[in-house]
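Next comes run-v8.txt, a file with compact mmCIF, C-alpha atoms.
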# COMPACT_ATOMS: atom_id res chain seq x y z
CA MET A 4 -27.45 -21.45 19.60
CA ALA A 5 -26.15 -18.24 18.06
CA LEU A 6 -25.14 -18.41 14.43
CA LYS A 7 -21.46 -17.94 13.74
CA VAL A 8 -20.90 -14.61 12.01
CA GLU A 9 -18.83 -14.86 8.83
CA THR A 10 -16.71 -11.83 7.97
CA VAL A 11 -16.05 -11.30 4.29
CA LYS A 12 -13.47 -8.84 3.01
CA VAL A 13 -14.54 -6.61 0.14
CA GLU A 14 -11.51 -6.09 -2.10
CA LYS A 15 -10.80 -2.76 -3.77
CA GLY A 16 -12.60 -2.39 -7.06
CA GLN A 17 -15.31 -4.87 -6.00
CA PHE A 18 -18.65 -4.93 -4.17
CA LEU A 19 -20.77 -7.41 -2.25
CA VAL A 20 -24.46 -7.39 -1.35
CA LEU A 21 -25.45 -9.08 1.89
CA GLN A 22 -28.42 -11.35 1.96
CA GLU A 23 -27.35 -13.63 4.78
CA GLN A 24 -27.94 -12.00 8.15
CA ASN A 25 -25.11 -13.89 9.77
CA GLU A 26 -22.54 -12.20 7.56
CA GLU A 27 -20.39 -9.14 8.03
CA LEU A 28 -18.52 -7.20 5.40
CA GLU A 29 -15.35 -5.22 5.90
CA THR A 30 -12.96 -3.23 3.77
CA GLU A 31 -9.20 -3.20 3.92
CA THR A 32 -7.56 0.13 4.80
CA LEU A 33 -9.06 2.52 2.28
CA GLY A 34 -6.40 5.15 1.59
CA ALA A 35 -7.79 7.46 -1.09
CA CYS A 36 -10.25 4.77 -2.24
CA VAL A 37 -13.85 5.35 -1.22
CA ALA A 38 -16.17 2.79 0.39
CA LEU A 39 -19.87 3.25 -0.33
CA ALA A 40 -22.38 1.36 1.79
CA ALA A 41 -26.03 1.21 0.72
CA ARG A 42 -28.84 0.05 3.03
CA ASP A 43 -32.52 -0.70 2.56
CA ARG A 44 -33.72 -1.17 6.13
CA GLU A 45 -37.17 -2.46 5.19
CA LYS A 46 -35.94 -5.15 2.84
CA LYS A 47 -32.88 -5.84 5.00
CA ILE A 48 -30.55 -5.49 2.05
CA ILE A 49 -27.15 -3.98 2.56
CA GLY A 50 -24.23 -3.64 0.14
CA LEU A 51 -20.65 -2.43 0.24
CA TRP A 52 -18.56 -1.24 -2.69
CA VAL A 53 -14.98 0.07 -2.76
CA PHE A 54 -13.82 2.02 -5.81
CA VAL A 55 -10.28 3.18 -6.49
CA LEU A 56 -10.46 5.87 -9.19
CA PRO A 57 -13.18 8.35 -10.19
CA ALA A 58 -13.52 7.39 -13.89
CA GLU A 59 -11.85 5.18 -16.48
CA LYS A 60 -11.58 8.06 -18.94
CA ILE A 61 -8.84 9.73 -16.85
CA LEU A 62 -6.46 6.86 -17.70
CA ASN A 63 -3.79 7.83 -20.20
CA PRO A 64 -2.87 5.34 -21.58
CA LYS A 65 -5.78 2.94 -21.03
CA VAL A 66 -5.13 -0.17 -18.92
CA GLY A 67 -6.81 -3.44 -19.86
CA GLY A 68 -8.15 -6.17 -17.61
CA VAL A 69 -9.54 -3.93 -14.88
CA PRO A 70 -13.16 -4.42 -13.71
CA GLN A 71 -15.56 -1.53 -14.30
CA THR A 72 -16.27 -1.43 -10.58
CA PHE A 73 -12.68 -0.20 -10.09
CA PHE A 74 -14.02 3.20 -11.25
CA ALA A 75 -16.79 5.29 -9.64
CA ALA A 76 -18.38 6.50 -12.87
CA GLU A 77 -18.43 3.09 -14.55
CA GLY A 78 -19.28 1.06 -11.44
CA ILE A 79 -22.09 2.95 -9.75
CA ASP A 80 -24.95 1.66 -11.88
CA ILE A 81 -23.62 -1.90 -11.67
CA PHE A 82 -23.68 -1.60 -7.85
CA LEU A 83 -27.17 -0.07 -7.79
CA GLU A 84 -28.53 -2.72 -10.14
CA ALA A 85 -27.09 -5.50 -7.96
CA LEU A 86 -28.82 -4.00 -4.91
CA GLU A 87 -32.13 -3.83 -6.78
CA LYS A 88 -31.70 -7.35 -8.08
CA ALA A 89 -31.25 -8.48 -4.46
CA GLY A 90 -34.61 -6.88 -3.64
CA ALA A 91 -33.71 -3.34 -2.49
CA GLU A 92 -35.83 -0.38 -3.61
CA ARG A 93 -33.70 2.44 -4.97
CA GLU A 94 -35.76 5.23 -3.40
CA LYS A 95 -35.48 3.61 0.01
CA LEU A 96 -31.73 3.17 -0.10
CA GLU A 97 -29.58 5.11 2.35
CA PHE A 98 -25.96 5.80 1.35
CA PHE A 99 -22.87 6.17 3.54
CA ALA A 100 -19.31 6.87 2.45
CA ALA A 101 -15.85 6.71 4.00
CA GLY A 102 -12.22 6.90 2.90
CA GLY A 103 -10.99 9.34 0.30
CA ALA A 104 -7.87 10.12 2.36
CA ARG A 105 -5.96 13.28 1.41
CA PHE A 106 -2.34 14.35 1.87
CA LEU A 107 -1.65 17.31 4.16
CA GLU A 108 -0.43 19.25 1.12
CA ALA A 109 -0.13 18.01 -2.45
CA PRO A 110 -0.42 19.10 -6.07
CA THR A 111 -3.97 18.62 -7.43
CA VAL A 112 -3.07 15.48 -9.36
CA PHE A 113 -2.28 13.71 -6.05
CA ASP A 114 -5.61 14.64 -4.48
CA LEU A 115 -7.18 11.34 -5.44
CA GLY A 116 -9.20 11.17 -2.21
CA GLY A 117 -10.77 14.57 -2.90
CA LEU A 118 -11.50 13.61 -6.52
CA ASN A 119 -13.07 10.29 -5.53
CA ALA A 120 -15.35 11.81 -2.89
CA SER A 121 -16.48 14.65 -5.21
CA MET A 122 -17.16 12.22 -8.03
CA LEU A 123 -19.29 10.04 -5.77
CA ARG A 124 -21.42 13.01 -4.60
CA LYS A 125 -21.91 14.07 -8.23
CA LEU A 126 -22.83 10.58 -9.43
CA LEU A 127 -25.40 10.18 -6.66
CA LYS A 128 -26.83 13.67 -7.27
CA ASP A 129 -27.20 12.90 -11.01
CA ARG A 130 -29.36 9.94 -9.99
CA GLY A 131 -31.43 11.93 -7.48
CA LEU A 132 -29.67 10.28 -4.53
CA THR A 133 -27.64 11.71 -1.64
CA LEU A 134 -25.26 10.57 1.05
CA LYS A 135 -26.90 10.26 4.43
CA ALA A 136 -23.51 10.47 6.17
CA GLU A 137 -19.86 10.49 5.22
CA VAL A 138 -16.40 10.58 6.76
CA CYS A 139 -14.06 11.39 3.90
CA GLY A 140 -10.79 13.22 3.48
CA ARG A 141 -8.91 12.48 6.72
CA PRO A 142 -5.21 11.65 6.21
CA PHE A 143 -5.33 8.65 8.58
CA PRO A 144 -6.13 4.97 7.85
CA CYS A 145 -9.85 4.25 7.69
CA ARG A 146 -11.96 1.08 7.33
CA MET A 147 -15.67 0.43 6.92
CA PHE A 148 -17.58 -2.50 8.45
CA VAL A 149 -21.10 -3.65 7.64
CA ASN A 150 -23.08 -5.85 10.00
CA GLY A 151 -25.89 -7.74 8.27
CA LYS A 152 -27.78 -8.75 11.40
CA GLU A 153 -28.04 -5.25 12.85
CA ALA A 154 -28.01 -3.52 9.43
CA MET A 155 -25.32 -1.38 10.98
CA ILE A 156 -22.45 0.46 9.27
CA THR A 157 -19.34 1.34 11.24
CA VAL A 158 -16.36 3.47 10.24
CA LYS A 159 -13.09 3.20 12.13
CA ILE A 160 -10.44 5.82 11.61
CA SER A 161 -7.11 5.23 13.31
CA GLY A 162 -6.90 7.37 16.45
CA GLU A 163 -10.52 8.59 16.32
CA GLU A 164 -13.81 7.52 17.88
CA GLU A 165 -15.59 5.07 15.62
CA GLU A 166 -18.82 6.22 13.97
CA THR A 167 -21.83 3.98 13.62
CA TRP A 168 -24.81 4.56 11.36
CA MET B 24 14.61 12.90 24.41
CA VAL B 25 18.35 12.07 24.59
CA LYS B 26 17.48 9.01 26.66
CA VAL B 27 14.89 7.91 24.05
CA LEU B 28 17.51 8.27 21.31
CA GLU B 29 19.92 6.10 23.29
CA TYR B 30 17.25 3.41 23.52
CA VAL B 31 16.52 3.73 19.79
CA PHE B 32 20.16 3.14 18.94
CA GLU B 33 20.36 0.21 21.39
CA GLU B 34 17.35 -1.31 19.60
CA LEU B 35 19.07 -0.68 16.25
CA ASN B 36 21.92 -2.93 17.36
CA THR B 37 19.52 -5.83 17.88
CA VAL B 38 18.40 -6.00 14.22
CA PRO B 39 20.11 -8.97 12.52
CA ASN B 40 22.44 -8.29 9.61
CA PHE B 41 21.17 -8.36 6.03
CA PRO B 42 21.78 -11.93 4.78
CA GLU B 43 25.35 -12.32 3.54
CA THR B 44 24.11 -14.65 0.80
CA ALA B 45 21.83 -12.01 -0.66
CA TYR B 46 24.47 -9.35 -0.38
CA ARG B 47 26.96 -11.52 -2.29
CA ALA B 48 24.33 -12.34 -4.91
CA LEU B 49 23.48 -8.65 -5.39
CA LYS B 50 27.19 -7.89 -5.87
CA MET B 51 27.39 -10.62 -8.53
CA LEU B 52 24.32 -9.18 -10.24
CA GLU B 53 26.13 -5.87 -10.75
CA ASP B 54 27.90 -7.69 -13.59
CA GLU B 55 25.60 -7.90 -16.62
CA ASN B 56 27.39 -11.07 -17.73
CA VAL B 57 26.86 -12.80 -14.41
CA ASN B 58 27.28 -16.57 -14.48
CA PHE B 59 23.84 -17.90 -13.46
CA GLU B 60 25.19 -21.28 -12.40
CA LYS B 61 27.55 -19.61 -9.92
CA LEU B 62 24.76 -17.28 -8.78
CA ALA B 63 22.50 -20.26 -8.04
CA GLN B 64 25.34 -21.91 -6.10
CA VAL B 65 25.63 -18.83 -3.87
CA ILE B 66 21.89 -18.43 -3.21
CA ARG B 67 20.86 -22.05 -2.71
CA TYR B 68 22.84 -22.37 0.53
CA ASP B 69 20.26 -20.11 2.15
CA ALA B 70 17.13 -22.26 2.21
CA THR B 71 14.83 -19.45 3.39
CA ILE B 72 15.87 -17.03 0.67
CA THR B 73 15.65 -19.76 -1.98
CA ALA B 74 12.16 -20.79 -0.84
CA ASN B 75 10.91 -17.17 -0.65
CA PHE B 76 12.46 -16.36 -4.03
CA LEU B 77 10.73 -19.26 -5.78
CA LYS B 78 7.43 -18.55 -4.02
CA LEU B 79 7.51 -14.94 -5.19
CA VAL B 80 8.53 -15.82 -8.75
CA ASN B 81 5.69 -18.34 -9.00
CA SER B 82 3.16 -15.87 -7.64
CA ALA B 83 4.15 -12.94 -9.80
CA TYR B 84 2.43 -11.22 -12.67
CA ILE B 85 5.13 -12.15 -15.16
CA GLY B 86 3.03 -14.76 -16.87
CA LEU B 87 5.11 -17.92 -16.38
CA ARG B 88 3.36 -20.84 -18.04
CA ARG B 89 4.63 -23.48 -15.66
CA LYS B 90 5.72 -23.67 -12.08
CA VAL B 91 9.38 -22.84 -11.56
CA GLU B 92 11.03 -25.34 -9.24
CA SER B 93 14.67 -24.35 -9.17
CA LEU B 94 16.80 -21.23 -9.13
CA SER B 95 18.44 -22.18 -12.44
CA GLN B 96 15.01 -22.53 -14.08
CA ALA B 97 13.98 -19.13 -12.70
CA PHE B 98 17.17 -17.39 -13.87
CA ALA B 99 16.64 -18.74 -17.38
CA LEU B 100 13.20 -17.10 -17.50
CA LEU B 101 13.83 -13.80 -15.72
CA GLY B 102 15.68 -10.64 -16.67
CA LEU B 103 18.50 -9.31 -14.46
CA ASN B 104 16.27 -6.61 -12.94
CA GLN B 105 13.58 -9.14 -12.12
CA ILE B 106 16.14 -11.39 -10.41
CA ARG B 107 17.37 -8.43 -8.31
CA PHE B 108 13.79 -7.46 -7.44
CA PHE B 109 12.74 -10.95 -6.29
CA LEU B 110 16.00 -11.47 -4.41
CA VAL B 111 15.60 -8.31 -2.30
CA ALA B 112 11.87 -9.04 -1.87
CA ALA B 113 12.72 -12.57 -0.65
CA CYS B 114 15.05 -11.07 1.99
CA ALA B 115 12.74 -8.21 2.97
CA GLY B 116 10.12 -10.80 3.91
CA GLN B 117 12.43 -12.08 6.66
CA TYR B 118 12.46 -8.68 8.37
CA LEU B 119 9.09 -7.27 7.52
CA ASN B 120 7.09 -10.11 8.97
CA ARG B 121 6.04 -8.95 12.40
CA ALA B 122 3.30 -6.69 13.70
CA LEU B 123 4.12 -3.00 14.10
CA HIS B 124 1.67 -2.12 16.86
CA GLY B 125 2.92 1.46 17.15
CA TYR B 126 2.07 2.06 13.51
CA GLY B 127 -1.13 -0.03 13.70
CA LEU B 128 -0.01 -2.70 11.23
CA SER B 129 -0.34 -6.48 11.26
CA PRO B 130 2.62 -8.58 9.99
CA TYR B 131 0.65 -9.24 6.82
CA GLU B 132 0.09 -5.51 6.18
CA VAL B 133 3.75 -4.68 6.83
CA TRP B 134 4.80 -7.22 4.22
CA LEU B 135 2.13 -6.18 1.70
CA HIS B 136 3.13 -2.52 2.01
CA SER B 137 6.76 -3.39 1.28
CA LEU B 138 5.76 -5.60 -1.65
CA GLY B 139 3.29 -3.00 -2.97
CA SER B 140 5.92 -0.28 -2.91
CA GLY B 141 8.35 -2.62 -4.68
CA VAL B 142 5.79 -3.40 -7.38
CA PHE B 143 5.00 0.30 -7.99
CA ALA B 144 8.73 1.13 -8.03
CA GLU B 145 9.44 -1.65 -10.51
CA LEU B 146 6.63 -0.43 -12.78
CA ILE B 147 7.74 3.21 -12.65
CA ALA B 148 11.40 2.25 -13.18
CA GLU B 149 10.35 0.26 -16.27
CA LYS B 150 8.17 3.06 -17.58
CA VAL B 151 10.76 5.85 -17.22
CA LYS B 152 13.74 3.55 -17.97
CA ALA B 153 15.30 4.46 -14.64
CA ARG B 154 19.06 4.89 -14.61
CA ASN B 155 19.61 2.67 -11.54
CA PRO B 156 16.70 0.26 -11.29
CA ASP B 157 18.45 -2.05 -8.78
CA HIS B 158 18.84 0.82 -6.27
CA VAL B 159 15.20 1.69 -6.85
CA PHE B 160 13.89 -1.83 -6.06
CA THR B 161 16.06 -2.28 -3.00
CA ALA B 162 15.17 1.08 -1.49
CA ALA B 163 11.45 0.70 -2.28
CA LEU B 164 11.24 -2.77 -0.73
CA LEU B 165 13.18 -1.73 2.39
CA HIS B 166 12.05 1.92 2.73
CA ASP B 167 10.14 1.35 5.99
CA ILE B 168 12.71 -0.93 7.64
CA GLY B 169 13.31 1.81 10.25
CA LYS B 170 9.75 1.28 11.53
CA LEU B 171 10.90 -2.08 12.93
CA VAL B 172 13.18 -0.22 15.32
CA LEU B 173 10.99 2.80 16.08
CA ASP B 174 7.74 0.88 16.50
CA LEU B 175 7.98 0.44 20.24
CA PHE B 176 8.79 4.11 20.80
CA VAL B 177 6.12 5.40 18.43
CA GLY B 178 3.55 3.15 20.16
CA GLY B 179 4.22 4.84 23.48
CA GLU B 180 3.89 8.34 22.02
CA LEU B 181 1.32 7.79 19.28
CA GLU B 182 -1.31 10.08 20.82
CA VAL B 183 1.16 12.96 21.18
CA ILE B 184 2.42 12.45 17.62
CA ARG B 185 -1.15 12.39 16.26
CA GLU B 186 -2.07 15.57 18.12
CA LEU B 187 0.93 17.36 16.63
CA VAL B 188 -0.17 16.26 13.15
CA LYS B 189 -3.79 17.33 13.74
CA ASP B 190 -3.31 20.51 15.73
CA GLU B 191 0.00 21.87 14.46
CA GLY B 192 -0.21 20.72 10.84
CA LEU B 193 3.09 18.83 11.12
CA THR B 194 3.78 15.81 8.96
CA PHE B 195 3.92 12.50 10.83
CA MET B 196 7.70 12.45 10.36
CA GLU B 197 8.16 15.98 11.72
CA ALA B 198 6.10 14.96 14.74
CA GLU B 199 8.19 11.77 15.15
CA ILE B 200 11.36 13.89 15.23
CA MET B 201 9.84 16.37 17.63
CA VAL B 202 8.79 13.67 20.08
CA LEU B 203 11.48 11.00 19.65
CA GLY B 204 14.42 12.99 18.28
CA THR B 205 14.57 10.82 15.16
CA ASP B 206 12.24 9.33 12.52
CA HIS B 207 11.84 6.00 10.76
CA ALA B 208 13.58 7.22 7.58
CA ILE B 209 16.76 8.22 9.47
CA VAL B 210 16.77 4.95 11.38
CA GLY B 211 16.14 2.91 8.21
CA ALA B 212 18.97 4.68 6.37
CA GLU B 213 21.31 3.98 9.30
CA LEU B 214 20.42 0.27 9.14
CA LEU B 215 21.15 0.14 5.41
CA ARG B 216 24.45 1.99 5.99
CA ARG B 217 25.47 -0.64 8.57
CA TRP B 218 24.51 -3.37 6.11
CA GLY B 219 26.79 -1.84 3.48
CA PHE B 220 24.22 -0.85 0.84
CA PRO B 221 25.21 1.71 -1.83
CA GLN B 222 24.90 5.40 -0.97
CA GLU B 223 22.11 5.96 -3.53
CA THR B 224 19.92 3.29 -1.90
CA ILE B 225 20.59 4.68 1.58
CA PHE B 226 19.79 8.22 0.41
CA ALA B 227 16.48 7.14 -1.16
CA VAL B 228 15.37 5.50 2.11
CA ARG B 229 16.48 8.57 4.10
CA ALA B 230 14.59 10.88 1.72
CA HIS B 231 11.32 8.99 1.26
CA HIS B 232 9.27 11.42 3.39
CA ASP B 233 11.42 14.55 3.10
CA GLU B 234 9.88 16.82 0.48
CA ASP B 235 13.18 18.60 -0.29
CA TRP B 236 15.42 15.53 -0.41
CA MET B 237 13.09 13.26 -2.37
CA VAL B 238 13.46 15.48 -5.43
CA GLN B 239 17.28 15.48 -5.37
CA ASN B 240 17.60 12.52 -7.75
CA GLN B 241 15.48 10.10 -9.76
CA THR B 242 15.97 7.07 -7.50
CA ALA B 243 14.83 9.00 -4.41
CA ALA B 244 11.85 10.43 -6.33
CA ILE B 245 10.69 7.01 -7.60
CA VAL B 246 11.02 5.43 -4.16
CA ALA B 247 9.09 8.25 -2.46
CA LEU B 248 6.45 8.15 -5.20
CA SER B 249 6.01 4.38 -5.01
CA ASN B 250 5.48 4.65 -1.25
CA MET B 251 2.90 7.42 -1.77
CA LEU B 252 0.99 5.44 -4.39
CA THR B 253 0.99 2.35 -2.17
CA ASN B 254 -0.52 4.45 0.63
CA LEU B 255 -2.94 6.19 -1.76
CA VAL B 256 -4.49 2.85 -2.63
CA GLY B 257 -4.41 1.88 1.05
CA ILE B 258 -1.97 -1.04 0.87
CA GLY B 259 -0.62 -1.62 4.39
CA MET B 260 -1.24 2.01 5.29
CA GLY B 261 0.20 2.65 8.75
CA ALA B 262 -0.88 5.12 11.43
CA ASP B 263 1.05 7.84 9.60
CA GLY B 264 -1.32 7.45 6.64
CA LEU B 265 -1.13 10.38 4.23
CA SER B 266 0.01 12.92 6.81
CA TYR B 267 2.81 14.13 4.55
CA ARG B 268 3.45 16.84 1.98
CA VAL B 269 4.02 16.08 -1.71
CA PRO B 270 6.45 18.40 -3.54
CA SER B 271 5.22 19.80 -6.86
CA LYS B 272 8.38 18.61 -8.71
CA LEU B 273 8.08 14.97 -7.64
CA LEU B 274 6.59 13.50 -10.82
CA LYS B 275 8.95 15.47 -13.05
CA VAL B 276 12.07 14.29 -11.18
CA ALA B 277 10.76 10.71 -11.27
CA GLY B 278 10.39 11.09 -15.05
CA LEU B 279 6.59 10.97 -15.29
CA LYS B 280 3.97 13.32 -16.61
CA ASP B 281 0.91 14.29 -14.55
CA ARG B 282 -1.44 12.63 -17.05
CA GLU B 283 0.33 9.26 -16.65
CA LEU B 284 -0.25 9.01 -12.89
CA PHE B 285 -3.68 7.35 -12.91
CA SER B 286 -2.59 4.69 -15.41
CA ILE B 287 0.41 3.94 -13.19
CA ILE B 288 -1.92 3.57 -10.19
CA THR B 289 -4.21 1.22 -12.13
CA GLU B 290 -1.45 -0.93 -13.65
CA GLY B 291 0.50 -1.06 -10.38
CA PHE B 292 -2.57 -2.04 -8.38
CA LYS B 293 -3.40 -4.74 -10.91
CA ARG B 294 0.12 -6.23 -10.64
CA TYR B 295 0.05 -6.00 -6.86
CA GLN B 296 -3.38 -7.67 -6.63
CA ASN B 297 -2.17 -10.48 -8.86
CA ILE B 298 0.89 -11.20 -6.75
CA LYS B 299 -1.16 -10.92 -3.52
CA GLU B 300 -3.85 -13.33 -4.70
CA ASN B 301 -1.29 -15.86 -5.88
CA LEU B 302 0.68 -15.64 -2.64
CA LEU B 303 -2.52 -16.18 -0.69
CA SER B 304 -3.59 -19.14 -2.79
CA GLN B 305 -0.15 -20.73 -2.28
CA ALA B 306 -0.48 -20.20 1.48
CA ARG B 307 -3.86 -21.97 1.64
Taking this structure as input, can you express it in the form of structure tokens?
Amino acid sequence: MALKVETVKVEKGQFLVLQEQNEELETETLGACVALAARDREKKIIGLWVFVLPAEKILNPKVGGVPQTFFAAEGIDIFLEALEKAGAEREKLEFFAAGGARFLEAPTVFDLGGLNASMLRKLLKDRGLTLKAEVCGRPFPCRMFVNGKEAMITVKISGEEEETW
Amino acid sequence: MVKVLEYVFEELNTVPNFPETAYRALKMLEDENVNFEKLAQVIRYDATITANFLKLVNSAYIGLRRKVESLSQAFALLGLNQIRFFLVAACAGQYLNRALHGYGLSPYEVWLHSLGSGVFAELIAEKVKARNPDHVFTAALLHDIGKLVLDLFVGGELEVIRELVKDEGLTFMEAEIMVLGTDHAIVGAELLRRWGFPQETIFAVRAHHDEDWMVQNQTAAIVALSNMLTNLVGIGMGADGLSYRVPSKLLKVAGLKDRELFSIITEGFKRYQNIKENLLSQAR
């Protein structure tokens, strides 16, 4: 008998690492937030993180009671450590990103999607890592899905063909 | 296109009136010395509004130490602006509770987008000490009400609208007008006019995607901004997504500085998440 697949929603500013093969992860609509999926095919470890802002230091004034994983700069090492703790090897991880929606035209301060995607590329580069694929910057609603059994990552953008990695 | 417009206006006539109870209560709340006992008497005859009001108050981020079980108890603990906010939110839930297939939204997402925009608007209005906070809340909570009417028509033409956005660089609203002869902001403003809302509220709904009109006054700017921030963080983002233009003066007219924007996003998202989680836990 086939196992029932459980779908778990990853909230913004949080991450989950899949260890049960009968689980799926999905994001809500991402907007300018960026979803980062990380996969170690050999160890069958797969994680999904959604961050909202590039770094806590851009807040003026500071806002208390927000998890570090809300921010790319503060959350990335927490996410990587959780993947390693689950058994993934950092050098074998593949990274995929989606989201980072951008307005058709807007002053720089509103280009949160652009800022988020650039920050993610920089943070990965600083750690000797790169994105294997990304779909960032479209103005339309986008979601990411992670299938534990197939170790498959899917991005659905409203009105476009879905991409699977 | 003329035929489509006729159908749109026929559909507009099918939307039920804004609840008389809420309208009377909002009128009473224009008086700063409103008698709360009389206010409770007016509202409690509408069981749905009363139930939604209490559910929202109990789920909110306002840090109540105990569960509020009656309108009188709630009024004793809330400020006038909070009462207005929860009252309109309680009514909005009656309309914004069905799927908008044309815009790719589930009933839950439609409601969350309205609530999210209301929460951001309330936060910005607090922060900048907005001159007319009650108009701000009402317009922010009801800004997409026109989508209820246009949904069916947008659904049929969604591909054409999307192509215009992608290939011609039009905003989603410009494409809506080009294809349907109207857009959801015009239709929403017309609904609010029929319901007898103040001109400032109607204007803010009409202007929420128009980059020239949204900077004509502070209420319109805050409502447009709260909708943008709700979409930026992806709360109930419809098929139109971010396919809009943001005028450079928007933050200034709203009363904010560029450097404050990211704190507003963070604080607003935190408040929204709190209300969402509590609403969900009450529903379980």
Produce a table with one row for each residue of segment 29-143 of chain A that has an atom at most 12 Å from any atom of segment 257-277 of chain B, each row naming the nearest atom pair and its distance in Å at one decimal; use only C-alpha atoms; arrange rows by chain and rising residue number; format as a tab-separated table.
residue	atom	partner	partner_atom	distance
A:Thr30	CA	B:Gly257	CA	10.3
A:Glu31	CA	B:Gly257	CA	7.5
A:Thr32	CA	B:Gly257	CA	5.2
A:Leu33	CA	B:Gly257	CA	4.9
A:Gly34	CA	B:Gly257	CA	3.9
A:Ala35	CA	B:Gly257	CA	6.9
A:Cys36	CA	B:Gly257	CA	7.3
A:Val37	CA	B:Gly257	CA	10.3
A:Ala38	CA	B:Gly257	CA	11.8
A:Val53	CA	B:Gly257	CA	11.4
A:Phe54	CA	B:Gly257	CA	11.6
A:Val55	CA	B:Gly257	CA	9.6
A:Gly102	CA	B:Gly257	CA	9.5
A:Gly103	CA	B:Gly257	CA	10.0
A:Ala104	CA	B:Leu265	CA	7.0
A:Arg105	CA	B:Leu265	CA	6.3
A:Phe106	CA	B:Leu265	CA	4.8
A:Leu107	CA	B:Ser266	CA	5.4
A:Glu108	CA	B:Arg268	CA	4.6
A:Ala109	CA	B:Val269	CA	4.6
A:Pro110	CA	B:Ser271	CA	5.7
A:Thr111	CA	B:Ser271	CA	9.3
A:Val112	CA	B:Ser271	CA	9.7
A:Phe113	CA	B:Val269	CA	8.0
A:Asp114	CA	B:Val269	CA	10.1
A:Leu115	CA	B:Leu265	CA	11.4
A:Gly116	CA	B:Leu265	CA	10.4
A:Gly140	CA	B:Leu265	CA	10.1
A:Arg141	CA	B:Leu265	CA	8.4
A:Pro142	CA	B:Leu265	CA	4.7
A:Phe143	CA	B:Gly264	CA	4.6
Exercise: residues within 9 Å of coordinate (-11.1, 4.8, 12.7), counting all atoms listed in the file, as a PyMOL selection string
chain A and resi 143-147+158-166
Hey, what's within 12 Å of Thr167 of chain A if we count all atoms listed in the file and toss same-chain stuff fewer than 6 positions away? As a PyMOL selection string, please?
chain A and resi 99-101+136-138+147-150+153-160
Using only C-alpha atoms, please write the residues we just selected to a file, as an mmCIF file, in the frame of the given file.
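So selection.cif came out as:
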data_model
loop_
_atom_site.group_PDB
_atom_site.id
_atom_site.type_symbol
_atom_site.label_atom_id
_atom_site.label_comp_id
_atom_site.auth_asym_id
_atom_site.auth_seq_id
_atom_site.Cartn_x
_atom_site.Cartn_y
_atom_site.Cartn_z
ATOM 1 C CA PHE A 99 -22.870 6.170 3.540
ATOM 2 C CA ALA A 100 -19.310 6.870 2.450
ATOM 3 C CA ALA A 101 -15.850 6.710 4.000
ATOM 4 C CA ALA A 136 -23.510 10.470 6.170
ATOM 5 C CA GLU A 137 -19.860 10.490 5.220
ATOM 6 C CA VAL A 138 -16.400 10.580 6.760
ATOM 7 C CA MET A 147 -15.670 0.430 6.920
ATOM 8 C CA PHE A 148 -17.580 -2.500 8.450
ATOM 9 C CA VAL A 149 -21.100 -3.650 7.640
ATOM 10 C CA ASN A 150 -23.080 -5.850 10.000
ATOM 11 C CA GLU A 153 -28.040 -5.250 12.850
ATOM 12 C CA ALA A 154 -28.010 -3.520 9.430
ATOM 13 C CA MET A 155 -25.320 -1.380 10.980
ATOM 14 C CA ILE A 156 -22.450 0.460 9.270
ATOM 15 C CA THR A 157 -19.340 1.340 11.240
ATOM 16 C CA VAL A 158 -16.360 3.470 10.240
ATOM 17 C CA LYS A 159 -13.090 3.200 12.130
ATOM 18 C CA ILE A 160 -10.440 5.820 11.610
#
Could you pull the residues within 10 Å of segment 181-187 of chain B, counting all atoms listed in the file, minus those fewer than 6 positions along the same chain, as a list in words?
Phe143, Ser161 and Gly162 of chain A; Gly125, Tyr126, Gly127, Asp174, Leu175, Leu193, Thr194, Phe195, Met196, Glu197, Ala198, Glu199, Ile200, Met201, Val202, Leu203, Ala262, Asp263 and Ser266 of chain B
Mind checking which residues fall within 10 Å of Thr253 of chain B, counting only C-alpha atoms, ignoring those fewer than 3 positions away in the same chain, and posting them as a PyMOL selection string?
(chain A and resi 34) or (chain B and resi 135-144+248-250+256-260+288+291-292+295)
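When atom CA of Glu33 of chain B is paired with atom CA of Ala115 of chain B, their separation reads 21.6 Å.
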10 Å contact set for Leu83 of chain A, only C-alpha atoms, chain neighbours under 3 positions out, as a list in words
Ala41, Gly50, Gly78, Ile79, Asp80, Leu86, Glu87, Lys88, Ala89, Ala91, Glu92, Arg93 and Leu96 of chain A
How would you write as a list in words the residues that get within 7 Å of (13.3, 5.3, 7.6) in the file's frame, counting only C-alpha atoms?
His166, Asp167, Ile168, Gly169, Lys170, Asp206, His207, Ala208, Ile209, Val210, Gly211, Ala212, Val228 and Arg229 of chain B
Identify which of the residues A:Ile61, A:Leu28, A:Leu118, A:Cys139 lies closest to chain B, counting only C-alpha atoms when measuring atom-to-atom distances.
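Smallest separation from chain B among the options: A:Ile61.
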What separation in Å, quoted to one decimal, exists between atom CA of Ala74 of chain B and atom CA of Asn56 of chain B?
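Atom-to-atom, atom CA of Ala74 of chain B to atom CA of Asn56 of chain B, that is 24.7 Å.
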Padding of 3 Å on every side, edges along x, y and z, all listed atoms of segment 133-147 of chain A included: what centre and edge lengths in Å, to one decimal, does that box have, as JSON?
{"center_x": -16.4, "center_y": 6.8, "center_z": 3.5, "size_x": 28.4, "size_y": 18.8, "size_z": 16.2}
When distances are computed from only C-alpha atoms, which of A:Thr10, A:Leu123, A:Lys135, A:Trp168 shows the smallest separation from Asn25 of chain A?
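Closest to Asn25 of chain A of all the choices is A:Thr10.
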